[in-house]
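Okay, coords.cif now, which holds mmCIF, C-alpha atoms:
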```cif
data_data
loop_
_atom_site.label_atom_id
_atom_site.label_comp_id
_atom_site.auth_asym_id
_atom_site.auth_seq_id
_atom_site.Cartn_x
_atom_site.Cartn_y
_atom_site.Cartn_z
CA MET A 21 1.49 -22.44 -7.67
CA TYR A 22 1.41 -24.09 -4.30
CA CYS A 23 4.41 -25.07 -2.19
CA CYS A 24 4.19 -28.83 -1.78
CA HIS A 25 5.91 -28.65 1.61
CA CYS A 26 3.90 -26.00 3.47
CA GLY A 27 0.92 -25.28 1.19
CA TYR A 28 1.81 -21.63 0.58
CA ASP A 29 -0.01 -20.18 -2.46
CA LEU A 30 2.59 -18.33 -4.52
CA ASN A 31 1.11 -15.80 -6.93
CA ILE A 32 3.35 -16.16 -9.99
CA ASP A 33 1.85 -13.17 -11.78
CA LYS A 34 3.03 -10.80 -9.04
CA VAL A 35 6.49 -12.38 -8.94
CA GLU A 36 6.94 -12.32 -12.72
CA LYS A 37 5.55 -8.77 -12.94
CA SER A 38 8.32 -7.45 -10.69
CA VAL A 39 11.18 -9.35 -12.40
CA ASP A 40 10.63 -11.61 -15.41
CA SER A 41 12.56 -14.85 -14.90
CA HIS A 42 13.12 -15.40 -18.63
CA THR A 43 14.88 -12.07 -19.11
CA LEU A 44 17.40 -12.70 -16.31
CA PHE A 45 19.33 -15.30 -18.30
CA GLU A 46 20.27 -15.26 -21.97
CA GLU A 47 19.74 -19.00 -22.49
CA ALA A 48 16.23 -18.99 -20.95
CA ASN A 49 13.18 -19.09 -23.18
CA ILE A 50 9.46 -19.69 -22.70
CA ASP A 51 9.91 -23.49 -22.43
CA THR A 52 12.49 -23.22 -19.63
CA ASP A 53 11.25 -24.73 -16.38
CA VAL A 54 11.39 -21.96 -13.77
CA LYS A 55 11.60 -22.89 -10.09
CA TYR A 56 10.65 -20.53 -7.29
CA VAL A 57 11.66 -20.47 -3.63
CA CYS A 58 8.83 -20.54 -1.12
CA PRO A 59 8.99 -17.39 1.05
CA ARG A 60 7.51 -19.26 4.01
CA CYS A 61 9.57 -22.45 4.22
CA GLY A 62 12.40 -22.07 1.66
CA HIS A 63 11.62 -25.19 -0.40
CA LEU A 64 11.56 -25.12 -4.20
CA ILE A 65 8.21 -24.63 -5.93
CA HIS A 66 8.08 -26.11 -9.41
CA LYS A 67 5.66 -27.43 -12.00
CA ASN A 68 5.01 -31.09 -12.78
CA VAL A 69 4.78 -32.41 -9.23
CA ASP A 70 4.90 -36.16 -8.61
CA GLU A 71 2.60 -38.35 -6.49
CA GLN A 72 4.62 -37.99 -3.27
CA GLU A 73 4.63 -34.19 -3.53
CA ILE A 74 0.87 -34.21 -4.06
CA LYS A 75 0.50 -36.24 -0.85
CA THR A 76 2.57 -33.73 1.10
CA LEU A 77 0.57 -30.90 -0.49
CA SER A 78 -2.61 -32.62 0.65
CA ALA A 79 -1.28 -32.85 4.21
CA ALA A 80 -0.23 -29.19 4.07
CA SER A 81 -3.70 -28.29 2.79
CA HIS A 82 -5.28 -30.00 5.78
CA ALA A 83 -3.00 -27.96 8.05
CA GLU A 84 -4.00 -24.74 6.24
CA ILE A 85 -7.68 -25.64 6.65
CA GLN A 86 -7.06 -26.02 10.38
CA ARG A 87 -5.34 -22.61 10.43
CA GLY A 88 -8.38 -21.17 8.67
CA ARG A 89 -10.65 -22.72 11.28
CA ASN A 90 -8.47 -21.22 14.01
CA PHE A 91 -8.66 -17.77 12.37
CA PHE A 92 -12.45 -18.13 12.12
CA ALA A 93 -12.80 -19.21 15.76
CA ASN A 94 -10.57 -16.40 17.02
CA GLY A 95 -12.45 -13.86 14.92
CA MET A 96 -15.84 -15.02 16.14
CA SER A 97 -14.70 -14.93 19.77
CA LEU A 98 -13.42 -11.38 19.31
CA ASN A 99 -16.75 -10.45 17.72
CA LEU A 100 -18.61 -11.89 20.70
CA VAL A 101 -16.46 -10.08 23.26
CA GLY A 102 -16.77 -6.88 21.23
CA ALA A 103 -20.57 -7.22 21.13
CA ILE A 104 -20.71 -7.72 24.90
CA ILE A 105 -18.56 -4.64 25.49
CA LEU A 106 -20.73 -2.72 23.00
CA ILE A 107 -23.84 -3.59 25.04
CA LEU A 108 -22.06 -2.42 28.20
CA ALA A 109 -21.08 0.81 26.45
CA ILE A 110 -24.70 1.46 25.51
CA ILE A 111 -25.79 0.81 29.10
CA PHE A 112 -23.20 3.26 30.44
CA LEU A 113 -24.23 5.82 27.82
CA VAL A 114 -27.83 5.53 29.02
CA LEU A 115 -26.61 5.88 32.62
CA SER A 116 -24.87 9.14 31.72
CA HIS A 117 -28.29 10.75 31.12
CA LYS A 118 -28.82 12.16 34.63
CA PRO A 119 -32.31 12.76 36.08
CA ALA A 120 -31.00 15.79 37.97
CA ASN A 121 -30.22 17.39 34.61
CA ASN A 122 -33.69 16.60 33.19
CA PHE A 123 -32.33 13.39 31.55
CA ALA A 124 -29.93 15.31 29.36
CA LEU A 125 -26.54 13.86 28.47
CA VAL A 126 -23.87 14.79 31.02
CA THR A 127 -20.40 14.58 29.46
CA ASP A 128 -18.36 15.18 32.60
CA CYS A 129 -19.53 12.16 34.60
CA PRO A 130 -17.57 8.88 34.90
CA GLU A 131 -20.33 6.88 33.19
CA PHE A 132 -19.85 8.86 29.97
CA TYR A 133 -16.08 8.32 29.99
CA VAL A 134 -16.54 4.58 30.57
CA SER A 135 -19.01 4.43 27.67
CA VAL A 136 -16.60 6.23 25.32
CA VAL A 137 -13.73 3.90 26.23
CA ALA A 138 -16.01 0.88 25.88
CA PHE A 139 -17.21 2.07 22.45
CA VAL A 140 -13.60 2.39 21.27
CA ILE A 141 -12.59 -1.02 22.62
CA SER A 142 -15.66 -2.71 21.15
CA GLY A 143 -15.05 -1.08 17.78
CA ILE A 144 -11.47 -2.34 17.71
CA LEU A 145 -12.45 -5.85 18.81
CA ILE A 146 -15.29 -6.12 16.30
CA GLY A 147 -13.08 -4.77 13.48
CA VAL A 148 -10.25 -7.20 14.17
CA GLY A 149 -12.77 -10.00 14.67
CA LEU A 150 -14.38 -9.35 11.30
CA VAL A 151 -11.00 -9.32 9.56
CA LEU A 152 -9.96 -12.61 11.18
CA THR A 153 -13.31 -14.20 10.40
CA ILE A 154 -13.09 -13.23 6.73
CA ILE A 155 -9.49 -14.44 6.47
CA GLY A 156 -10.48 -17.75 8.06
CA VAL A 157 -13.42 -18.31 5.74
CA LEU A 158 -11.40 -17.44 2.63
CA LYS A 159 -8.48 -19.64 3.65
CA LYS A 160 -10.73 -22.55 4.52
CA THR A 161 -12.69 -22.44 1.26
CA LYS A 162 -9.55 -22.04 -0.87
CA TYR A 163 -7.82 -25.07 0.58
CA GLN A 164 -11.00 -27.16 0.62
CA GLN A 165 -11.28 -26.50 -3.11
CA LEU A 166 -7.63 -27.50 -3.52
CA LEU A 167 -8.31 -30.77 -1.68
CA LYS A 168 -11.32 -31.43 -3.92
CA ASP A 169 -9.12 -30.88 -6.98
CA ILE A 170 -6.50 -33.26 -5.60
CA GLN A 171 -9.12 -35.87 -4.73
CA ASN A 172 -10.74 -35.65 -8.17
CA GLN A 173 -7.28 -35.80 -9.79
CA VAL A 174 -7.75 -32.54 -11.68
CA PHE A 175 -5.02 -30.64 -9.81
CA PHE A 176 -2.17 -29.32 -11.92
CA GLN A 177 0.53 -26.86 -11.07
#
```

Represent the structure of the file as structure tokens.
Amino acid sequence: MYCCHCGYDLNIDKVEKSVDSHTLFEEANIDTDVKYVCPRCGHLIHKNVDEQEIKTLSAASHAEIQRGRNFFANGMSLNLVGAIILILAIIFLVLSHKPANNFALVTDCPEFYVSVVAFVISGILIGVGLVLTIIGVLKKTKYQQLLKDIQNQVFFQ
């Protein structure tokens, strides 16, 4: 179920697995309409949405697509910066092979320490960048599919 106000995707199976709503009250049965509170914005999430709520859900979906694009752009920029630092780390690692030592790796020179620090920083940046890129792509495709369902009038909650 989606929150019509902010577009949050509430996973009902996880919520109902922790505490079943129908067992909380004696008068509740399977046909009872259960409403949930959105953890992001605090509005009620319910089934059988009307036309105005679908319009606000569409606007919220456009905002979520923009958030997904922002995640993707931030992730790709972190990947690019991480790749540049990785290239610099490789260059400094090559520089730590000293000709005075018959081109063997010297681990007590500043070039080696710079390369190790650069490898760590590039690994962190590329890892975070990949995570943000994947989150952005998944978010963007999910909400684009939701907009297609709304446009084709096959969306139901």

Run the PyMOL selection byres ((chain A and resi 117) around 12) mentally over the shown coordinates, then write out the matched residues as a ChimeraX atom specification, using the chain letters and numbers from the document. /A:110-116,118-132,135

A:Tyr22: which residues within 8 Å, counting all atoms listed in the file, same-chain residues fewer than 6 positions away excluded, as a ChimeraX atom specification? /A:28-30,65,77,177

Take the residues just selected and output them with C-alpha atoms as a compact mmCIF listing (two decimals), in the coordinates of the input.
```
# COMPACT_ATOMS: atom_id res chain seq x y z
CA TYR A 28 1.81 -21.63 0.58
CA ASP A 29 -0.01 -20.18 -2.46
CA LEU A 30 2.59 -18.33 -4.52
CA ILE A 65 8.21 -24.63 -5.93
CA LEU A 77 0.57 -30.90 -0.49
CA GLN A 177 0.53 -26.86 -11.07
```

May I ask which of the residues A:Val174, A:Leu152, A:Leu98, A:Cys24 is the closest one to A:Cys58, counting all atoms listed in the file?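 Going through A:Val174, A:Leu152, A:Leu98, A:Cys24 one by one, the smallest distance to A:Cys58 is for A:Cys24.
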
Closest atom pairs, stretch 62-136 of chain A residues within 10 Å of stretch 165-171 of chain A, all atoms listed in the file, as CSV:
```
residue,atom,partner,partner_atom,distance
A:Ile74,CA,A:Ile170,CA,7.6
A:Lys75,CA,A:Ile170,CA,9.0
A:Leu77,CA,A:Leu167,CA,9.0
A:Ser78,CA,A:Leu167,CA,6.4
A:Ala79,CA,A:Leu167,CA,9.4
A:Ser81,CA,A:Leu167,CA,6.9
A:His82,CA,A:Leu167,CA,8.1
A:Ile85,CA,A:Leu167,CA,9.8
```

Expressed in Å, the length from atom CA of A:Ile105 to atom CA of A:Lys160 is 28.7 Å

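Between atom CA of A:Gly27 and atom CA of A:Tyr56 the separation is 13.8 Å.
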
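For A:Leu158, the non-local neighbours within 12 Å, defined as residues at least 5 positions apart in the same chain or in other chains and counting all atoms listed in the file, are Glu84, Ile85, Arg87, Gly88, Arg89, Phe91, Phe92, Val151, Leu152, Thr153, Tyr163, Gln164 and Gln165 of chain A.
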
Report, in Å to a single decimal, how far apart atom CA of A:Glu71 and atom CA of A:Gly156 are.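 So the two atoms, atom CA of A:Gly156 and atom CA of A:Glu71, lie 28.4 Å apart.
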
Using 3 Å of padding on each side, determine the axis-aligned box around all atoms of stretch 146-151 of chain A present in the file and give its centre and edge lengths in Å to one decimal, as AutoDock Vina command-line options.
```
--center_x -12.8 --center_y -7.4 --center_z 12.9 --size_x 11.0 --size_y 11.2 --size_z 12.7
```

Hey, what comes out of the PyMOL selection byres ((chain A and resi 146) around 9) on this file? Could you write it as a PyMOL selection string? chain A and resi 95-96+98-103+141-145+147-151
